[in-house]
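Peer 1: Below you'll find input_22.txt; it's compact mmCIF, C-alpha atoms.
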```txt
# COMPACT_ATOMS: atom_id res chain seq x y z
CA MET A 154 0.00 0.00 0.00
CA SER A 155 1.39 3.41 -0.91
CA GLY A 156 1.99 6.10 1.66
CA LEU A 157 -0.67 8.24 0.04
CA GLY A 158 -3.16 5.41 0.28
CA GLU A 159 -2.40 4.86 3.95
CA THR A 160 -2.73 8.55 4.64
CA ARG A 161 -6.20 8.52 3.18
CA MET A 162 -7.14 5.41 5.09
CA ASN A 163 -5.96 7.02 8.32
CA LEU A 164 -8.38 9.85 7.95
CA PRO A 165 -10.95 9.54 10.72
CA PHE A 166 -14.18 8.05 9.44
CA ASP A 167 -16.18 11.04 10.66
CA VAL A 168 -13.98 13.47 8.73
CA LEU A 169 -14.28 11.54 5.50
CA ASP A 170 -17.97 11.07 6.12
CA SER A 171 -18.41 14.80 6.57
CA ILE A 172 -16.46 15.53 3.37
CA PHE A 173 -18.53 13.09 1.34
CA SER A 174 -21.74 14.49 2.76
CA PHE A 175 -21.14 17.57 0.62
CA LEU A 176 -21.33 15.37 -2.46
CA LYS A 177 -24.82 14.10 -1.79
CA SER A 178 -26.17 16.05 -4.77
CA HIS A 179 -23.43 14.68 -7.01
CA PRO A 180 -23.98 10.94 -7.29
CA ASP A 181 -21.50 10.63 -10.15
CA SER A 182 -18.76 12.01 -7.91
CA LEU A 183 -19.73 9.65 -5.11
CA VAL A 184 -19.60 6.72 -7.51
CA ALA A 185 -16.13 7.81 -8.61
CA CYS A 186 -15.00 8.13 -4.99
CA SER A 187 -16.39 4.72 -4.11
CA LYS A 188 -14.28 3.17 -6.86
CA ALA A 189 -11.09 4.83 -5.67
CA HIS A 190 -10.56 2.74 -2.54
CA PRO A 191 -12.52 0.14 -0.57
CA PHE A 192 -12.51 2.39 2.48
CA PHE A 193 -13.83 5.28 0.41
CA SER A 194 -16.45 2.97 -0.96
CA ARG A 195 -17.84 2.17 2.47
CA VAL A 196 -18.12 5.84 3.36
CA ALA A 197 -19.35 7.06 -0.04
CA GLU A 198 -22.07 4.41 -0.25
CA ARG A 199 -23.76 5.83 2.81
CA HIS A 200 -24.35 9.07 0.96
CA LEU A 201 -24.79 7.66 -2.53
CA TYR A 202 -27.68 5.46 -1.50
CA ARG A 203 -29.16 7.68 1.16
CA HIS A 204 -31.66 9.14 -1.32
CA ILE A 205 -32.75 6.84 -4.12
CA THR A 206 -35.10 7.88 -6.89
CA ILE A 207 -36.82 5.04 -8.76
CA HIS A 208 -38.15 6.04 -12.14
CA LEU A 209 -40.17 4.09 -14.66
CA GLY A 210 -39.05 5.89 -17.78
CA PRO A 211 -36.74 8.71 -18.82
CA TRP A 212 -36.34 11.04 -15.89
CA THR A 213 -33.92 13.60 -14.56
CA SER A 214 -33.70 14.85 -11.04
CA LYS A 215 -31.25 16.84 -9.01
CA PHE A 216 -32.26 14.81 -5.98
CA GLY A 217 -31.25 11.26 -5.34
CA TYR A 218 -29.49 8.44 -7.11
CA LEU A 219 -31.57 7.54 -10.16
CA LEU A 220 -32.37 3.89 -10.71
CA GLU A 221 -34.91 1.91 -12.68
CA PRO A 222 -36.79 -0.76 -10.71
CA SER A 223 -34.78 -3.59 -12.25
CA GLU A 224 -31.52 -1.78 -11.48
CA LEU A 225 -32.53 -1.35 -7.85
CA SER A 226 -33.47 -5.03 -7.56
CA LYS A 227 -30.14 -6.04 -9.02
CA LEU A 228 -28.23 -3.65 -6.78
CA LEU A 229 -29.92 -4.92 -3.64
CA SER A 230 -29.38 -8.54 -4.54
CA GLU A 231 -25.67 -7.95 -5.21
CA THR A 232 -25.00 -5.59 -2.29
CA PRO A 233 -27.73 -6.25 0.26
CA HIS A 234 -26.00 -4.24 2.98
CA ILE A 235 -26.95 -0.97 1.29
CA VAL A 236 -30.57 -1.35 2.40
CA ASN A 237 -29.33 0.09 5.68
CA TYR A 238 -28.24 3.27 3.95
CA VAL A 239 -31.48 4.11 2.15
CA ARG A 240 -33.30 6.82 4.08
CA VAL A 241 -35.22 8.66 1.38
CA LEU A 242 -37.07 6.84 -1.37
CA CYS A 243 -38.65 8.75 -4.23
CA ILE A 244 -40.85 6.76 -6.58
CA VAL A 245 -41.55 8.55 -9.83
CA LEU A 246 -44.78 7.09 -11.16
CA VAL A 247 -44.67 9.06 -14.39
CA ASP A 248 -44.53 6.76 -17.39
CA PHE A 249 -44.48 7.85 -21.01
CA ARG A 250 -44.57 4.37 -22.49
CA GLY A 251 -48.25 4.36 -23.35
CA ARG A 252 -51.34 6.44 -23.79
CA THR A 253 -53.21 4.87 -20.91
CA TYR A 254 -52.13 4.61 -17.33
CA PRO A 255 -50.93 2.35 -15.99
CA THR A 256 -49.55 0.47 -18.95
CA PRO A 257 -48.67 -3.22 -18.56
CA GLU A 258 -45.04 -2.14 -18.34
CA THR A 259 -45.92 0.32 -15.58
CA SER A 260 -47.69 -2.36 -13.60
CA ARG A 261 -44.79 -4.74 -14.04
CA ASP A 262 -42.33 -2.13 -12.78
CA LEU A 263 -44.51 -1.20 -9.81
CA GLU A 264 -44.85 -4.84 -8.87
CA GLU A 265 -41.08 -5.12 -8.95
CA ILE A 266 -40.86 -2.12 -6.64
CA SER A 267 -43.33 -3.79 -4.31
CA LEU A 268 -40.87 -6.66 -3.91
CA VAL A 269 -38.05 -4.30 -3.02
CA LEU A 270 -39.90 -2.00 -0.63
CA PRO A 271 -40.07 -4.42 2.32
CA MET A 272 -36.28 -4.67 2.28
CA LEU A 273 -35.88 -0.94 2.94
CA SER A 274 -36.33 -1.02 6.68
CA SER A 275 -34.61 2.26 7.58
CA LEU A 276 -36.67 4.63 5.47
CA GLU A 277 -37.28 8.07 6.92
CA CYS A 278 -39.06 9.62 3.95
CA ILE A 279 -41.18 8.40 1.03
CA ILE A 280 -41.90 10.61 -1.95
CA LEU A 281 -44.59 9.60 -4.44
CA ASN A 282 -44.34 11.60 -7.62
CA GLY A 283 -47.49 10.77 -9.53
CA PRO A 284 -48.30 11.05 -13.21
CA SER A 285 -51.44 13.15 -12.90
CA HIS A 286 -54.05 14.40 -10.47
CA PHE A 287 -56.48 12.23 -12.39
CA VAL A 288 -54.70 8.99 -11.56
CA SER A 289 -55.99 7.64 -8.30
CA TRP A 290 -54.32 5.38 -5.79
CA ASN A 291 -56.68 2.53 -6.60
CA GLN A 292 -55.55 2.47 -10.23
CA LEU A 293 -52.09 1.37 -9.18
CA PRO A 294 -51.35 -2.34 -8.76
CA GLN A 295 -52.62 -3.62 -5.44
CA SER A 296 -49.28 -5.21 -4.63
CA PHE A 297 -47.61 -1.82 -4.96
CA THR A 298 -50.11 0.14 -2.87
CA ALA A 299 -50.06 -2.56 -0.20
CA ALA A 300 -46.26 -2.44 -0.04
CA VAL A 301 -46.26 1.34 0.34
CA GLU A 302 -48.94 1.20 3.01
CA LYS A 303 -46.93 -1.41 4.86
CA SER A 304 -43.86 0.81 4.76
CA LEU A 305 -45.86 3.56 6.43
CA HIS A 306 -45.67 1.48 9.60
CA LEU A 307 -41.89 1.78 9.81
CA ALA A 308 -40.94 3.42 13.07
CA THR A 309 -38.18 5.28 11.26
CA LEU A 310 -40.55 6.83 8.72
CA HIS A 311 -41.46 10.43 9.50
CA ARG A 312 -42.06 12.20 6.19
CA ILE A 313 -44.47 11.58 3.32
CA HIS A 314 -44.62 13.72 0.19
CA VAL A 315 -47.21 13.19 -2.53
CA ARG A 316 -47.29 14.94 -5.88
CA SER A 317 -49.83 14.72 -8.72
CA LEU A 318 -51.67 11.68 -7.50
CA GLY A 319 -55.19 11.10 -6.23
CA PHE A 320 -54.03 10.11 -2.78
CA PRO A 321 -56.46 8.87 -0.13
CA LEU A 322 -55.56 10.69 3.04
CA CYS A 323 -57.08 8.03 5.22
CA ILE A 324 -54.06 5.86 4.44
CA LEU A 325 -52.15 8.06 6.85
CA ASP A 326 -54.61 7.57 9.69
CA ASN A 327 -53.13 6.16 12.86
CA HIS A 328 -49.53 6.49 11.75
CA ARG A 329 -48.22 8.40 14.70
CA ASN A 330 -44.67 7.99 13.41
CA ILE A 331 -45.43 10.38 10.52
CA ASN A 332 -45.07 14.03 11.48
CA CYS A 333 -44.36 15.73 8.16
CA PHE A 334 -46.67 15.57 5.16
CA SER A 335 -46.86 17.46 1.91
CA LEU A 336 -49.47 17.18 -0.78
CA TYR A 337 -49.51 18.81 -4.19
CA GLY A 338 -52.60 17.85 -6.11
CA ARG A 339 -56.00 16.43 -5.39
CA PRO A 340 -56.61 14.67 -2.12
CA GLN A 341 -59.15 11.92 -1.69
CA THR A 342 -60.87 12.27 1.66
CA PRO A 343 -63.80 9.84 1.81
CA ASP A 344 -63.98 7.44 4.72
CA CYS A 345 -61.31 9.21 6.70
CA SER A 346 -61.59 8.34 10.33
CA GLU A 347 -62.50 11.03 12.81
CA ASP A 348 -60.31 9.28 15.33
CA SER A 349 -56.79 9.21 13.98
CA ASN A 350 -53.47 9.21 15.76
CA LEU A 351 -51.71 11.02 12.94
CA GLN A 352 -50.14 14.14 14.46
CA LEU A 353 -48.46 16.44 11.96
CA THR A 354 -45.96 19.01 13.13
CA ALA A 355 -45.02 20.05 9.58
CA LEU A 356 -47.51 20.44 6.74
CA SER A 357 -47.15 21.64 3.17
CA PHE A 358 -49.90 21.73 0.57
CA SER A 359 -50.96 23.11 -2.76
CA VAL A 360 -54.46 21.90 -3.39
CA THR A 361 -56.96 22.90 -6.06
CA ARG A 362 -59.41 25.43 -4.69
CA GLY A 363 -63.00 24.58 -4.00
CA HIS A 364 -64.19 21.23 -2.76
CA TYR A 365 -60.72 19.68 -2.70
CA LEU A 366 -59.21 22.47 -0.63
CA THR A 367 -62.15 22.59 1.76
CA SER A 368 -62.10 18.88 2.43
CA PHE A 369 -58.33 18.88 2.74
CA LEU A 370 -58.37 21.70 5.26
CA ASN A 371 -61.03 19.93 7.29
CA TRP A 372 -58.83 16.86 7.32
CA ALA A 373 -55.72 18.86 8.14
CA LYS A 374 -57.34 20.60 11.09
CA ARG A 375 -57.94 17.22 12.67
CA HIS A 376 -54.39 16.04 12.16
CA ILE A 377 -52.11 18.89 13.04
CA PHE A 378 -50.58 18.75 16.48
CA ASN A 379 -48.28 21.46 17.74
CA LEU A 380 -47.74 22.44 14.12
CA GLN A 381 -44.39 24.16 13.79
CA SER A 382 -43.99 24.55 10.05
CA LEU A 383 -46.63 25.37 7.45
CA LYS A 384 -46.11 25.89 3.74
CA CYS A 385 -49.11 26.62 1.56
CA ASP A 386 -50.77 28.66 -1.12
CA PHE A 387 -52.34 31.63 0.54
CA TYR A 388 -55.85 32.32 -0.54
CA GLU A 389 -57.60 34.89 1.53
CA GLY A 390 -59.46 33.48 4.45
CA GLU A 391 -59.18 29.82 3.68
CA VAL A 392 -56.09 28.90 5.63
CA LEU A 393 -56.88 31.17 8.53
CA GLY A 394 -58.57 28.33 10.37
CA LEU A 395 -55.29 26.44 10.29
CA LEU A 396 -53.34 29.45 11.51
CA GLU A 397 -55.71 29.91 14.40
CA ILE A 398 -55.28 26.32 15.50
CA CYS A 399 -51.49 26.44 15.43
CA SER A 400 -50.96 30.03 16.52
CA ASP A 401 -49.24 28.97 19.74
CA THR A 402 -46.70 26.70 18.08
CA LEU A 403 -46.04 27.84 14.50
CA ASN A 404 -42.50 29.11 14.00
CA SER A 405 -42.12 28.85 10.23
CA LEU A 406 -44.68 30.03 7.68
CA ASP A 407 -44.07 29.79 3.95
CA VAL A 408 -46.86 31.31 1.85
CA THR A 409 -47.28 31.58 -1.89
CA LEU A 410 -49.59 34.36 -2.98
CA ARG A 411 -52.05 33.20 -5.59
CA ALA A 412 -54.55 34.79 -7.92
CA THR A 413 -58.05 34.18 -6.70
CA GLY A 414 -60.36 36.17 -8.87
CA GLU A 415 -62.14 37.90 -6.05
CA LEU A 416 -60.06 40.95 -5.49
CA SER A 417 -58.32 43.29 -7.82
CA SER A 418 -55.96 44.92 -5.44
CA CYS A 419 -52.78 44.34 -7.31
CA ILE A 420 -53.34 45.13 -10.92
CA PHE A 421 -51.54 48.07 -12.32
CA ARG A 422 -50.87 49.24 -15.78
CA SER A 423 -47.34 49.84 -16.80
CA TYR A 424 -47.36 51.91 -19.90
CA LEU A 425 -50.22 53.88 -21.20
CA MET B 246 -67.96 47.47 -19.15
CA SER B 247 -67.93 49.87 -16.27
CA LEU B 248 -64.55 50.50 -14.78
CA LEU B 249 -66.00 49.84 -11.38
CA GLU B 250 -67.13 46.39 -12.22
CA PRO B 251 -63.83 44.59 -12.43
CA GLN B 252 -65.16 41.36 -11.07
CA VAL B 253 -67.02 40.65 -14.25
CA SER B 254 -65.32 38.16 -16.49
CA CYS B 255 -61.83 39.04 -15.37
CA HIS B 256 -61.61 36.79 -12.38
CA HIS B 257 -58.84 34.63 -13.58
CA VAL B 258 -56.24 37.31 -13.53
CA PHE B 259 -56.67 38.96 -10.18
CA LEU B 260 -54.23 38.46 -7.41
CA GLY B 261 -56.23 37.57 -4.39
CA PRO B 262 -54.95 39.03 -1.20
CA ILE B 263 -56.21 40.65 0.86
CA PHE B 264 -56.85 44.18 1.82
CA ASP B 265 -59.03 47.09 1.18
CA LEU B 266 -57.16 49.51 -0.99
CA ASN B 267 -59.15 52.39 0.30
CA ALA B 268 -58.26 51.58 3.88
CA SER B 269 -54.61 52.36 3.67
CA ASP B 270 -53.28 55.74 2.72
CA GLU B 271 -49.76 54.45 3.11
CA MET B 272 -50.37 51.85 0.50
CA GLU B 273 -51.38 54.50 -1.94
CA GLU B 274 -47.97 55.97 -1.37
CA PHE B 275 -46.36 52.72 -2.47
CA SER B 276 -48.37 52.66 -5.60
CA SER B 277 -48.82 56.25 -6.49
CA LEU B 278 -46.98 55.85 -9.75
CA TYR B 279 -49.23 53.06 -10.86
CA ASP B 280 -52.72 53.35 -12.05
CA ILE B 281 -54.16 50.91 -9.57
CA TYR B 282 -57.34 49.32 -10.62
CA PRO B 283 -60.04 50.24 -8.09
CA GLY B 284 -59.90 47.59 -5.39
CA MET B 285 -62.77 45.47 -4.28
CA GLY B 286 -61.05 44.01 -1.25
CA ASN B 287 -62.89 43.73 1.98
CA SER B 288 -60.77 42.01 4.58
CA ILE B 289 -57.26 42.03 5.97
CA PRO B 290 -56.69 38.51 7.19
CA LEU B 291 -52.93 38.77 6.96
CA THR B 292 -53.03 40.86 10.10
CA THR B 293 -53.49 37.43 11.62
CA LEU B 294 -49.72 37.09 11.35
CA SER B 295 -49.39 39.41 14.31
CA SER B 296 -51.18 36.81 16.39
CA LEU B 297 -48.50 34.18 15.75
CA PRO B 298 -46.24 34.92 18.72
CA HIS B 299 -43.73 32.15 18.05
CA LEU B 300 -43.26 32.84 14.37
CA GLN B 301 -39.55 33.15 13.61
CA HIS B 302 -39.31 32.71 9.86
CA LEU B 303 -41.79 34.07 7.33
CA ILE B 304 -41.37 33.24 3.66
CA ILE B 305 -43.48 35.10 1.12
CA ARG B 306 -43.52 33.92 -2.48
CA GLY B 307 -45.05 36.31 -4.97
CA PHE B 308 -44.86 37.33 -8.56
CA VAL B 309 -45.20 39.98 -11.21
CA TYR B 310 -46.49 38.91 -14.56
CA ARG B 311 -47.93 40.23 -17.74
CA ALA B 312 -51.61 39.40 -17.87
CA PHE B 313 -54.02 39.31 -20.73
CA SER B 314 -57.71 40.06 -20.64
CA ASP B 315 -59.80 41.63 -23.33
CA ASP B 316 -61.92 43.37 -20.73
CA LEU B 317 -59.03 44.91 -18.89
CA ASP B 318 -57.19 45.70 -22.10
CA ALA B 319 -60.26 47.67 -23.10
CA TYR B 320 -59.89 49.72 -19.97
CA TYR B 321 -56.15 49.97 -19.59
CA GLY B 322 -55.08 49.76 -23.14
CA ASP B 323 -52.60 47.12 -24.08
CA GLY B 324 -50.16 46.60 -21.28
CA TRP B 325 -50.78 45.87 -17.66
CA PHE B 326 -49.38 43.61 -15.05
CA VAL B 327 -50.46 41.66 -12.05
CA SER B 328 -48.16 42.30 -9.15
CA CYS B 329 -47.76 41.14 -5.59
CA PHE B 330 -45.84 44.26 -4.58
CA ARG B 331 -48.64 45.92 -2.69
CA VAL B 332 -49.63 42.74 -0.93
CA VAL B 333 -46.08 42.04 0.16
CA ALA B 334 -45.75 45.58 1.43
CA ASP B 335 -48.96 45.14 3.38
CA ILE B 336 -47.72 41.88 4.88
CA LEU B 337 -44.52 43.56 6.00
CA LYS B 338 -46.52 46.31 7.57
CA ASN B 339 -48.56 43.86 9.61
CA ALA B 340 -45.95 41.21 10.34
CA PRO B 341 -44.75 40.61 13.88
CA PRO B 342 -41.06 40.98 14.74
CA LEU B 343 -39.21 38.09 13.10
CA GLN B 344 -35.81 36.51 13.24
CA ARG B 345 -35.89 35.93 9.52
CA LEU B 346 -37.92 37.25 6.61
CA THR B 347 -37.57 35.75 3.14
CA ILE B 348 -39.23 37.24 0.08
CA ASN B 349 -39.17 35.42 -3.24
CA ILE B 350 -40.39 37.42 -6.23
CA ASP B 351 -40.74 35.79 -9.64
CA ILE B 352 -40.93 38.42 -12.36
CA ASP B 353 -42.09 37.75 -15.90
CA LEU B 354 -42.04 41.02 -17.80
CA GLN B 355 -42.39 39.51 -21.26
CA ASP B 356 -42.32 42.56 -23.49
CA GLY B 357 -42.38 45.00 -20.61
CA GLN B 358 -39.36 46.73 -19.24
CA LEU B 359 -38.22 47.13 -15.70
CA GLY B 360 -37.89 50.85 -16.25
CA GLN B 361 -41.65 50.96 -16.21
CA PHE B 362 -41.66 49.74 -12.63
CA HIS B 363 -40.67 51.04 -9.35
CA PHE B 364 -39.86 48.48 -6.74
CA PRO B 365 -42.03 49.41 -3.80
CA ILE B 366 -40.88 46.38 -1.84
CA PHE B 367 -37.61 48.22 -1.24
CA LYS B 368 -39.49 51.12 0.26
CA ALA B 369 -41.48 48.79 2.47
CA LEU B 370 -38.33 46.97 3.54
CA MET B 371 -36.69 50.20 4.55
CA GLU B 372 -39.73 51.33 6.44
CA TYR B 373 -40.28 48.13 8.37
CA SER B 374 -36.79 46.62 8.44
CA SER B 375 -36.43 47.18 12.16
CA SER B 376 -38.98 44.40 12.69
CA PHE B 377 -36.76 41.81 11.02
CA ARG B 378 -33.39 40.61 12.22
CA HIS B 379 -32.41 39.31 8.83
CA ILE B 380 -34.03 39.75 5.43
CA GLU B 381 -33.43 37.73 2.30
CA LEU B 382 -34.81 38.95 -1.00
CA TYR B 383 -34.80 36.51 -3.90
CA ILE B 384 -35.56 37.96 -7.31
CA LEU B 385 -36.05 35.85 -10.41
CA GLY B 386 -36.59 36.93 -13.99
CA ILE B 387 -34.54 40.10 -14.08
CA SER B 388 -30.84 40.71 -13.87
CA GLU B 389 -28.64 42.29 -11.27
CA SER B 390 -27.92 45.14 -13.65
CA ASP B 391 -31.64 45.85 -13.72
CA ILE B 392 -32.01 45.99 -10.00
CA VAL B 393 -28.86 47.76 -8.83
CA PRO B 394 -29.82 51.13 -10.33
CA LEU B 395 -32.93 51.06 -8.17
CA PHE B 396 -30.73 51.18 -5.09
CA GLY B 397 -30.13 54.82 -5.89
CA GLU B 398 -33.82 55.46 -5.93
CA TYR B 399 -34.23 53.73 -2.58
CA GLY B 400 -31.11 54.95 -0.83
CA GLY B 401 -31.57 52.93 2.36
CA VAL B 402 -31.25 49.64 0.53
CA THR B 403 -27.49 49.90 0.28
CA ALA B 404 -27.27 50.69 3.98
CA LEU B 405 -29.35 47.64 4.85
CA ILE B 406 -27.04 45.48 2.78
CA GLU B 407 -23.93 46.99 4.36
CA GLN B 408 -25.36 46.46 7.83
CA GLY B 409 -25.85 42.79 7.03
CA VAL B 410 -29.59 43.05 7.48
CA LEU B 411 -30.52 42.49 3.83
CA ASP B 412 -29.19 39.90 1.40
CA ILE B 413 -30.33 40.01 -2.22
CA HIS B 414 -30.12 36.87 -4.33
CA MET B 415 -30.63 37.09 -8.07
CA ASP B 416 -31.96 34.14 -10.07
CA GLU B 417 -32.14 31.84 -7.08
CA ILE B 418 -35.25 30.34 -5.58
CA ALA B 419 -35.61 30.73 -1.85
CA LEU B 420 -35.47 27.45 0.00
CA GLY B 421 -37.83 26.92 2.87
CA ASP B 422 -38.10 24.23 5.51
CA SER B 423 -35.68 21.55 4.38
CA ARG B 424 -38.19 18.85 5.29
CA PHE B 425 -40.31 19.99 2.34
CA GLU B 426 -37.48 20.20 -0.17
CA VAL B 427 -37.78 16.99 -2.13
```
Translate this structure into structure tokens?
Peer 2:
Amino acid sequence: MSGLGETRMNLPFDVLDSIFSFLKSHPDSLVACSKAHPFFSRVAERHLYRHITIHLGPWTSKFGYLLEPSELSKLLSETPHIVNYVRVLCIVLVDFRGRTYPTPETSRDLEEISLVLPMLSSLECIILNGPSHFVSWNQLPQSFTAAVEKSLHLATLHRIHVRSLGFPLCILDNHRNINCFSLYGRPQTPDCSEDSNLQLTALSFSVTRGHYLTSFLNWAKRHIFNLQSLKCDFYEGEVLGLLEICSDTLNSLDVTLRATGELSSCIFRSYL
Amino acid sequence: MSLLEPQVSCHHVFLGPIFDLNASDEMEEFSSLYDIYPGMGNSIPLTTLSSLPHLQHLIIRGFVYRAFSDDLDAYYGDGWFVSCFRVVADILKNAPPLQRLTINIDIDLQDGQLGQFHFPIFKALMEYSSSFRHIELYILGISESDIVPLFGEYGGVTALIEQGVLDIHMDEIALGDSRFEV
């Protein structure tokens, strides 16, 4: 072993770990580091596989290590120890391979994901990036939805993010481990239990106005508990009920001003 | 169409918040150079912010964009914008003391020019800056060379920057709670 190699190996694990943590948004660099030395590999893997994004078709993302379902299956079968490193799992449900949704290929991929999900026992966050507000949870293969719902029981899991998917909120009922939830799209709220143990301390939403927003807010009011962080579209009046409930605990408020059609307070002409 | 009936058929373009234009003389000051469309607002719910005693970080995301409506074009002529400036200024006026204030403004001028604007947020920031320990202003859609000349118009901006109270970020999106960044 060369002196240079030994010097690198003698670096304290924590120092190297801290250095590699800055590369978490650069999976290619982490891959390169992991190939440089076995010791580097052990440290780099922790960051490389911390956030995995599974995609069904062509996809780019600045977050996470991108893998297709078959690639993830292969990776886990060849290097099973990395299941301990996966903390954030993003599943991109978008699929351009057909005109209908889900296509047979989509279903096949989601079923493959359902086989992998139970292996990821240290998940802290699940992100579901759906294809459209018009695709509902029940349209996805039952094996997939069941696997996701089973993962919600993980004691380590605290955050759920759902985008562009008809997501039934009642799935979250009674998951006291989940304290952070974000929803962008159309919620499904039928059959939600009045008695739920879900207690959200961080909530983010962008929900279509009207019935969807009203029902979502009614649901949210029942499930926020010592809410500390709220991010939302700010339509006049409609989120005030939430603010009143959490006025004693809220320390971070992130509001996006939206056009509503009821007031005209901010129109000006620029050149006449 | 009557000029005082803006609600008719133009709903899709109006920015919604949140105050009665006629209730605030100060706000007229912010907008005196603009021909503000007569407001129909009737409530000021953002004053609710002052009843959030533990609030430490407020992030406001707003926009300025070119809007199109035959009805409003008929009134204004061709060329008007929807802007969050007045609303943001009103929020600052009513906000409680904060450790951190972040404002993210997305500007889409299309064929307009920045020279046609003033930037009343600067005036509001100067007026109410003592309420905020640190202020971050994120501006997207225009360049630094567009915005710097406005510092001369609003002289206190440079002082706020030099004092470390105000940071201005061009062409960056403000990040919020990291738990929501996915």
Peer 1: May I have the residues within 12 Å of Gln295 in chain A as a list in words, using only C-alpha atoms and disregarding those fewer than 3 positions away in the same chain?
Peer 2: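 Residues near the query, excluding close chain neighbours: Ser260, Arg261, Leu263, Glu264, Ile266, Ser267, Trp290, Asn291, Gln292, Thr298, Ala299, Ala300, Val301, Glu302 and Lys303 of chain A.
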Peer 1: List as a PyMOL selection string the protein and nucleic acid residues near Ser317 in chain A, meaning an atom at most 7 Å away when all atoms listed in the file are counted, but skip any in the same chain fewer than 2 places from it.
Peer 2: chain A and resi 282-286+315+319+337-338
Peer 1: Which one is closest to chain B: A:Val241, A:Gln352, A:Asp262, A:Leu318? Count only C-alpha atoms.
Peer 2: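 That would be A:Val241, the residue with the smallest distance to chain B.
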Peer 1: A:Leu228, A:Cys278, A:Leu270, A:Leu246: which is nearest Arg203 in chain A, counting all atoms listed in the file?
Peer 2: A:Cys278
Peer 1: Pick out the closest residue to Ser178 in chain A from this set: A:Trp372, A:Trp212, A:Phe166, A:Tyr202. Count only C-alpha atoms.
Peer 2: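 Using only C-alpha atoms, Ser178 in chain A sits closest to A:Tyr202.
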Peer 1: Around the point (-48.2, 28.9, 24.4) (coordinates from the file), which residues reach within 12 Å if we count only C-alpha atoms? Answer as an MDAnalysis selection string.
Peer 2: (chainID A and resid 379 398:404) or (chainID B and resid 296:300)
Peer 1: In terms of the shortest atom-to-atom distance over all atoms listed in the file, which of B:Ala340, B:Val427, B:Ile418, B:Leu354 is closest to Val309 in chain B?
Peer 2: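 Nearest candidate to Val309 in chain B out of B:Ala340, B:Val427, B:Ile418, B:Leu354: B:Leu354.
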Peer 1: Extract, using all atoms listed in the file, all DNA, RNA and protein residues at most 9 Å from Gln341 in chain A, discarding same-chain residues fewer than 6 positions from it, and format them as a PyMOL selection string.
Peer 2: chain A and resi 289+319-323+365+368-369
Peer 1: Considering all atoms listed in the file, state which residue in the set A:Leu410, A:Leu273, A:Val168, A:Leu353 is at the smallest distance from chain B.
Peer 2: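 Comparing A:Leu410, A:Leu273, A:Val168, A:Leu353 against chain B, the winner is A:Leu410.
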Peer 1: One number please: CA of Asp416 in chain B to CA of Leu303 in chain B, in Å, one decimal.
Peer 2: 20.0 Å
Peer 1: Could you state the separation of CA of Ser295 in chain B and CA of Glu381 in chain B in Å, given to one decimal place?
Peer 2: 20.0 Å
Peer 1: Within 9 Å of range 233-240 of chain A, counting only C-alpha atoms, which residues show up once you throw out same-chain ones fewer than 5 positions away? Write them as a VMD selection string, please.
Peer 2: chain A and resid 198 to 205 228 272 to 279 309 to 310
